[in-house]
Amino acid sequence: MEGTSGPCVQLATTTNSDLETKPKPQVIYRCKRCRRIVAAQENIVPHERGQGEKCFKWRKRSGDLTEKEPSECSSIFVEPMKWMQAVHEGHVEEKLQCMGCKARLGSFNWAGMQCSCGAWVNPAFQLHKNRLDECQT
């Protein structure tokens, strides 16, 4: 390539394995009542799992907390989004309602909240899984 005035261009070669890769299925969350999309997988704020009932001050009344497998989180935490009216109105903590049907989907608190697994999430924009449908696209 010596003596040429233009830059050296390398062409990228594609293999069959590059073309056969399928995109990962995308998870979206919809309001259970009106089916409006309220969050997607990329909006979820992950948190490290807590120690379950041991983390709560009131503790479980059953008394036996030894060697109990912590249950799955009952909520998801998301980043603040445009449809969250109370956030844009300047509230510090408030309930989160669906824009379509006004169903209560969860709540938020800029100071943070404790997840059902015992982990503290700060700031917390919590959506309850029992109020959402999880759909794969």
# chains A, B, ... in the order shown; residues from 1 in each chain; ligands from 1
>>> residues_around(residues="range 79-84 of chain A", least_positions_apart="4", cutoff="9 Å", atoms="only C-alpha atoms", output="PyMOL selection string")
chain A and resi 38-39+43-45+88+96-99+108+123-125
>>> write_last_selection(atoms="N, CA and C atoms", output="compact mmCIF listing (two decimals), in the first residue's frame")
# COMPACT_ATOMS: atom_id res chain seq x y z
N VAL A 38 -45.80 0.62 30.69
CA VAL A 38 -45.33 1.54 31.72
C VAL A 38 -43.81 1.48 31.91
N ALA A 39 -43.18 0.37 31.53
CA ALA A 39 -41.73 0.26 31.68
C ALA A 39 -41.21 -0.84 30.76
N ASN A 43 -35.37 0.13 31.60
CA ASN A 43 -35.73 1.13 32.62
C ASN A 43 -35.54 0.62 34.03
N ILE A 44 -35.33 -0.67 34.20
CA ILE A 44 -35.23 -1.26 35.53
C ILE A 44 -33.90 -0.89 36.18
N VAL A 45 -33.99 -0.50 37.44
CA VAL A 45 -32.80 -0.20 38.24
C VAL A 45 -32.52 -1.44 39.10
N HIS A 88 -42.93 14.85 38.10
CA HIS A 88 -42.72 16.10 37.37
C HIS A 88 -43.38 17.29 38.05
N LEU A 96 -47.84 6.22 42.45
CA LEU A 96 -47.69 6.24 40.99
C LEU A 96 -48.94 5.64 40.37
N GLN A 97 -49.58 6.41 39.49
CA GLN A 97 -50.80 5.97 38.84
C GLN A 97 -50.58 5.82 37.35
N CYS A 98 -51.26 4.86 36.76
CA CYS A 98 -51.22 4.64 35.32
C CYS A 98 -51.82 5.87 34.63
N MET A 99 -51.20 6.31 33.55
CA MET A 99 -51.72 7.47 32.80
C MET A 99 -53.04 7.14 32.10
N PHE A 108 -43.34 6.26 44.79
CA PHE A 108 -41.94 6.69 44.71
C PHE A 108 -41.59 7.52 45.92
N PRO A 123 -32.71 6.68 44.93
CA PRO A 123 -34.12 6.98 45.11
C PRO A 123 -34.95 5.80 44.62
N ALA A 124 -36.18 5.70 45.05
CA ALA A 124 -37.01 4.54 44.76
C ALA A 124 -38.24 4.92 43.95
N PHE A 125 -38.37 4.31 42.80
CA PHE A 125 -39.56 4.41 41.95
C PHE A 125 -40.05 2.98 41.79
>>> atom_distance(atom1="CA of Val27 in chain A", atom2="CA of Gln136 in chain A")
4.5 Å
